[in-house]
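**Student:** Sending over structure-v3.cif (mmCIF, C-alpha atoms).
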data_start
loop_
_atom_site.label_atom_id
_atom_site.label_comp_id
_atom_site.auth_asym_id
_atom_site.auth_seq_id
_atom_site.Cartn_x
_atom_site.Cartn_y
_atom_site.Cartn_z
CA MET H 1 15.77 22.22 12.41
CA LEU H 2 16.14 25.95 13.03
CA GLU H 3 19.91 25.64 13.49
CA ARG H 4 20.39 23.23 10.59
CA HIS H 5 18.63 25.54 8.16
CA ALA H 6 19.92 28.88 9.40
CA ASP H 7 21.16 29.60 5.87
CA VAL H 8 17.57 29.54 4.61
CA ILE H 9 15.58 30.94 7.55
CA SER H 10 15.93 34.71 7.65
CA VAL H 11 14.07 35.41 10.92
CA GLN H 12 16.67 36.68 13.38
CA LYS H 13 14.96 36.18 16.74
CA PRO H 14 15.28 32.45 17.67
CA VAL H 15 12.26 32.42 20.02
CA VAL H 16 10.00 33.94 17.36
CA ALA H 17 11.46 31.79 14.59
CA LEU H 18 11.08 28.55 16.55
CA LYS H 19 7.45 29.22 17.46
CA LYS H 20 6.48 30.12 13.90
CA LEU H 21 8.48 27.25 12.38
CA LYS H 22 6.60 24.74 14.53
CA ILE H 23 3.29 26.16 13.31
CA ILE H 24 4.37 26.08 9.66
CA ILE H 25 5.74 22.54 9.74
CA SER H 26 2.72 21.19 11.63
CA ALA H 27 0.41 22.78 9.07
CA ALA H 28 2.49 21.46 6.15
CA LEU H 29 2.42 17.91 7.52
CA LYS H 30 -1.32 18.09 8.22
CA LEU H 31 -2.12 19.31 4.72
CA SER H 32 0.29 16.89 3.05
CA ASN H 33 -1.07 13.89 4.93
CA SER H 34 -4.65 14.83 4.04
CA LYS H 35 -4.40 16.05 0.44
CA GLY H 36 -0.81 15.31 -0.65
CA PHE H 37 2.29 17.46 -0.72
CA GLN H 38 2.15 18.01 -4.48
CA ALA H 39 -1.46 19.18 -4.27
CA MET H 40 -0.73 21.54 -1.38
CA SER H 41 -0.08 25.08 -2.51
CA LEU H 42 1.76 27.72 -0.51
CA ARG H 43 -1.53 29.60 -0.39
CA ASP H 44 -3.09 26.54 1.26
CA LEU H 45 -0.20 26.46 3.73
CA SER H 46 -0.56 30.16 4.45
CA LYS H 47 -4.26 29.74 5.21
CA GLU H 48 -3.78 26.62 7.37
CA SER H 49 -0.85 28.04 9.36
CA GLY H 50 -2.10 31.62 9.64
CA VAL H 51 1.27 32.84 8.34
CA SER H 52 1.25 35.28 5.44
CA MET H 53 2.80 34.34 2.11
CA GLY H 54 5.60 36.79 2.79
CA GLY H 55 6.06 35.26 6.22
CA LEU H 56 6.42 31.78 4.73
CA TYR H 57 9.23 32.95 2.47
CA ALA H 58 11.18 33.99 5.56
CA TYR H 59 11.49 30.25 6.36
CA PHE H 60 11.94 28.67 2.92
CA ASP H 61 12.18 29.88 -0.65
CA SER H 62 10.20 27.08 -2.32
CA LYS H 63 8.18 23.94 -1.66
CA THR H 64 11.24 21.90 -2.60
CA THR H 65 13.26 23.57 0.14
CA LEU H 66 10.43 22.88 2.61
CA LEU H 67 10.45 19.24 1.48
CA ASN H 68 14.22 19.05 2.01
CA MET H 69 13.85 20.48 5.50
CA ILE H 70 11.26 17.87 6.50
CA LEU H 71 13.13 14.92 4.99
CA THR H 72 16.40 16.00 6.58
CA GLU H 73 14.75 15.86 9.99
CA VAL H 74 13.30 12.39 9.41
CA THR H 75 16.60 10.95 8.19
CA GLY H 76 18.51 12.71 10.96
CA ALA H 77 16.16 11.37 13.64
CA VAL H 78 16.63 7.79 12.43
CA ASP H 79 20.40 8.21 12.42
CA ARG H 80 20.57 9.85 15.86
CA VAL H 81 18.22 7.46 17.64
CA LEU H 82 18.84 4.06 16.05
CA GLY H 83 22.53 4.70 15.52
CA ASN H 84 23.19 5.25 19.23
CA PRO H 85 22.08 2.17 21.17
CA PRO H 86 22.72 2.08 24.93
CA PRO H 87 25.98 0.31 25.85
CA GLU H 88 24.19 -2.45 27.77
CA VAL H 89 22.54 -3.86 24.61
CA VAL H 90 25.41 -3.57 22.13
CA SER H 91 27.23 -6.71 23.27
CA ASP H 92 24.14 -8.92 22.92
CA PRO H 93 22.71 -9.04 19.37
CA ILE H 94 19.35 -10.37 20.58
CA GLU H 95 18.91 -7.53 23.07
CA HIS H 96 20.18 -5.11 20.44
CA LEU H 97 17.61 -6.39 17.95
CA LYS H 98 14.82 -6.04 20.50
CA TRP H 99 16.03 -2.53 21.30
CA LEU H 100 16.10 -1.53 17.62
CA ILE H 101 12.50 -2.67 17.18
CA GLU H 102 11.34 -0.76 20.25
CA ALA H 103 13.38 2.36 19.49
CA HIS H 104 12.11 2.55 15.91
CA ILE H 105 8.46 2.13 16.87
CA ARG H 106 8.70 4.67 19.70
CA LEU H 107 10.47 7.14 17.40
CA THR H 108 7.74 6.87 14.78
CA GLU H 109 5.11 7.17 17.51
CA GLU H 110 6.64 10.50 18.52
CA MET H 111 7.04 11.67 14.90
CA GLN H 112 4.08 9.90 13.29
CA PRO H 113 3.08 12.74 10.90
CA TRP H 114 6.69 13.11 9.74
CA PHE H 115 7.17 9.42 8.97
CA SER H 116 3.74 9.07 7.35
CA PHE H 117 4.62 12.02 5.14
CA ALA H 118 7.97 10.50 4.10
CA PHE H 119 6.39 7.11 3.37
CA MET H 120 3.21 8.20 1.59
CA GLU H 121 4.75 10.98 -0.48
CA ALA H 122 8.02 9.30 -1.49
CA LYS H 123 6.79 8.20 -4.92
CA ASN H 124 5.99 11.83 -5.81
CA PHE H 125 9.27 13.35 -4.64
CA PRO H 126 11.75 14.84 -7.13
CA ALA H 127 14.68 12.51 -7.88
CA LYS H 128 17.05 14.02 -5.31
CA GLU H 129 14.51 13.97 -2.50
CA ARG H 130 13.30 10.48 -3.45
CA SER H 131 16.92 9.35 -3.15
CA TRP H 132 17.04 10.76 0.41
CA ALA H 133 13.92 8.81 1.35
CA VAL H 134 15.46 5.63 -0.05
CA ASP H 135 18.70 6.32 1.83
CA SER H 136 16.76 6.66 5.09
CA GLU H 137 15.06 3.31 4.54
CA GLU H 138 18.36 1.66 3.62
CA LEU H 139 19.96 3.09 6.76
CA THR H 140 17.32 1.40 8.91
CA GLU H 141 17.72 -1.91 7.08
CA ALA H 142 21.51 -1.71 7.39
CA LEU H 143 21.27 -1.35 11.17
CA PHE H 144 19.01 -4.40 11.38
CA ALA H 145 21.23 -6.30 8.93
CA ASP H 146 24.31 -5.68 11.07
CA VAL H 147 22.63 -6.98 14.21
CA THR H 148 21.22 -9.97 12.32
CA ALA H 149 24.68 -10.82 10.95
CA ARG H 150 26.13 -10.70 14.48
CA ALA H 151 23.37 -12.94 15.82
CA ILE H 152 24.04 -15.49 13.08
CA ALA H 153 27.82 -15.32 13.57
CA ASP H 154 27.41 -15.83 17.33
CA GLY H 155 25.14 -18.83 16.80
CA ARG H 156 22.23 -17.06 18.45
CA PHE H 157 19.87 -17.60 15.51
CA ARG H 158 18.77 -21.00 14.30
CA PRO H 159 20.41 -22.24 11.05
CA GLY H 160 18.79 -21.12 7.83
CA VAL H 161 17.44 -17.74 8.93
CA THR H 162 16.76 -15.82 5.73
CA PRO H 163 19.11 -12.94 4.85
CA LEU H 164 15.95 -11.06 3.90
CA LEU H 165 15.03 -10.74 7.58
CA PRO H 166 15.94 -7.00 7.86
CA THR H 167 13.88 -6.26 4.75
CA MET H 168 10.94 -8.23 6.14
CA ILE H 169 11.06 -6.46 9.52
CA LYS H 170 10.73 -3.05 7.89
CA PRO H 171 7.05 -3.41 6.85
CA LEU H 172 6.17 -4.43 10.42
CA LEU H 173 7.72 -1.21 11.66
CA GLN H 174 6.06 0.89 8.95
CA ASP H 175 2.62 -0.53 9.63
CA TRP H 176 2.53 1.17 13.02
CA TYR H 177 2.73 4.70 11.61
CA VAL H 178 1.16 4.18 8.19
CA LYS H 179 -1.96 2.41 9.52
CA ARG H 180 -2.08 4.11 12.90
CA ALA H 181 -5.87 4.54 12.80
CA LYS H 182 -6.36 0.77 12.49
CA TYR H 183 -4.48 0.11 15.70
CA ARG H 184 -6.18 2.98 17.46
CA ARG H 185 -9.60 1.48 16.64
CA ARG H 186 -8.46 -1.87 18.00
CA LYS H 187 -7.08 -0.19 21.13
CA VAL H 188 -3.60 -1.57 20.51
CA SER H 189 -1.07 0.35 22.61
CA VAL H 190 2.46 1.11 21.49
CA GLU H 191 3.72 -1.29 24.17
CA ASP H 192 1.48 -4.08 22.82
CA TYR H 193 2.69 -3.51 19.29
CA ILE H 194 6.36 -3.46 20.27
CA ALA H 195 5.95 -6.74 22.18
CA ALA H 196 4.10 -8.34 19.26
CA VAL H 197 6.77 -7.42 16.70
CA GLN H 198 9.59 -8.53 18.99
CA GLU H 199 7.87 -11.86 19.64
CA MET H 200 7.15 -12.45 15.96
CA VAL H 201 10.74 -11.76 14.91
CA LEU H 202 12.37 -13.75 17.69
CA THR H 203 10.00 -16.71 17.28
CA THR H 204 11.06 -16.85 13.65
CA CYS H 205 14.78 -16.66 14.40
CA LEU H 206 15.70 -18.15 17.75
CA PRO H 207 16.39 -21.84 18.41
CA VAL H 208 13.74 -23.55 20.53
CA ASP H 209 15.93 -23.70 23.64
CA GLN H 210 16.66 -19.97 23.47
CA LEU H 211 12.97 -19.20 22.96
CA ALA H 212 12.16 -21.11 26.14
CA ALA H 213 14.87 -19.27 28.05
CA LEU H 214 13.67 -15.94 26.72
CA ALA H 215 10.07 -16.67 27.71
CA ALA H 216 11.18 -17.59 31.23
CA ARG H 217 12.92 -14.23 31.77
#
If you took the structure in this file and wrote it as structure tokens, what would it be?

**Tutor:**
Amino acid sequence: MLERHADVISVQKPVVALKKLKIIISAALKLSNSKGFQAMSLRDLSKESGVSMGGLYAYFDSKTTLLNMILTEVTGAVDRVLGNPPPEVVSDPIEHLKWLIEAHIRLTEEMQPWFSFAFMEAKNFPAKERSWAVDSEELTEALFADVTARAIADGRFRPGVTPLLPTMIKPLLQDWYVKRAKYRRRKVSVEDYIAAVQEMVLTTCLPVDQLAALAAR
């Protein structure tokens, strides 16, 4: 983030800038996820982060710029992680699909405040930033759609699998970070949730003989 927004961040010492940027972003996400980004003022952010108002302006010139910085990181993380599957899964659409599910859930586990922010605040974003949030969601769906199309073309899915499958997977992935407290109360681990989503999707899509083979592995 520091390198990508060097044109905005005026602090010259990287070690100092990185430390302070982490504090500012963590405070911004905490406030936004508790009271909403629109309701958060820069004075609120200054108080929560312990960084003076003048200090904040060394990292961004407006709340809109701060919003852009956060959304750029979320979209970039999705692209970097989901867009680079390991070679051993690429040739098998079923393994690739399972990997996409796991990679997405683990990514949002690591960046839960970031993804919650992007999801919960999207409706209040300015038009440009709202478009970025939509683009990020469409990128995820496109990756799942590509794998689904390959599975159908290879005869790995049973006939009649709905083309809406990628769209229907997305809410299952979102539920993990949007309703994280629910799963925490129920003591559901990230591994349990990954396995449950994979099983639900594959049970819906795979022919019976392939389901039996998969269960035996």

**Student:** Using all atoms listed in the file, which of the listed residues (H:Met69, H:Val51, H:Val201, H:Leu107) sits closest to Pro166 in chain H?

**Tutor:** H:Val201

**Student:** Tell me which of H:Val15, H:Leu29, H:Val8, H:Ala142 sits closest to Glu121 in chain H, counting all atoms listed in the file.

**Tutor:**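 Of the candidates, the smallest distance to Glu121 in chain H is held by H:Leu29.
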
**Student:** Set the distance at 8 Å and use only C-alpha atoms: which residues neighbour range 74-82 of chain H once local chain neighbours fewer than 6 positions away are removed? I'd like the list as a VMD selection string.

**Tutor:** chain H and resid 100 103 to 104 107 114 to 115 118 132 to 133 136 139 to 140 143

**Student:** Name all residues at most 12 Å from Leu97 in chain H (count only C-alpha atoms; drop same-chain ones fewer than 6 positions away) and give them as a ChimeraX atom specification.

**Tutor:** /H:82,85,89-91,103-104,140-141,143-151,156-157,165-166,169,194,197-199,201-202,205-206

**Student:** At what distance in Å, to one decimal, does CA of Ser26 in chain H lie from CA of Arg43 in chain H?

**Tutor:**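 Between CA of Arg43 in chain H and CA of Ser26 in chain H the gap works out to 15.3 Å.
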
**Student:** Run the PyMOL selection byres ((chain H and resi 60-65) around 10) against the file shown and list the residues it catches, as a list in words.

**Tutor:**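 Output from the PyMOL selection byres ((chain H and resi 60-65) around 10), applied to this file: His5, Asp7, Val8, Ile9, Ser10, Ala28, Phe37, Gln38, Met40, Ser41, Leu42, Gly55, Leu56, Tyr57, Ala58, Tyr59, Leu66, Leu67, Asn68, Met69, Ile70, Leu71, Phe125, Pro126 and Glu129 of chain H.
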
**Student:** Hey, can you check how far CA of Thr167 in chain H sits from CA of Thr204 in chain H?

**Tutor:** 14.1 Å

**Student:** So the first atom is CA of Glu109 in chain H and the second is CA of His96 in chain H; what is the distance between them in Å, to one decimal place?

**Tutor:** 19.7 Å

**Student:** Counting all atoms listed in the file, which residue out of H:Met120, H:Ile105, H:Ala6, H:Val178 sits closest to Val190 in chain H?

**Tutor:** H:Ile105

**Student:** Nearest residue to Ser34 in chain H out of H:Asp154, H:Trp176, H:Phe117, H:Asp209, using all atoms listed in the file?

**Tutor:** H:Phe117

**Student:** With distances taken over only C-alpha atoms, which of H:Glu95, H:Glu110, H:Glu102, H:Glu3 is nearest to Glu191 in chain H?

**Tutor:** H:Glu102

**Student:** Nearest to Leu2 in chain H among H:Leu21, H:Leu172, H:Met53, H:Leu164, with distances taken over only C-alpha atoms: which residue is it?

**Tutor:** H:Leu21
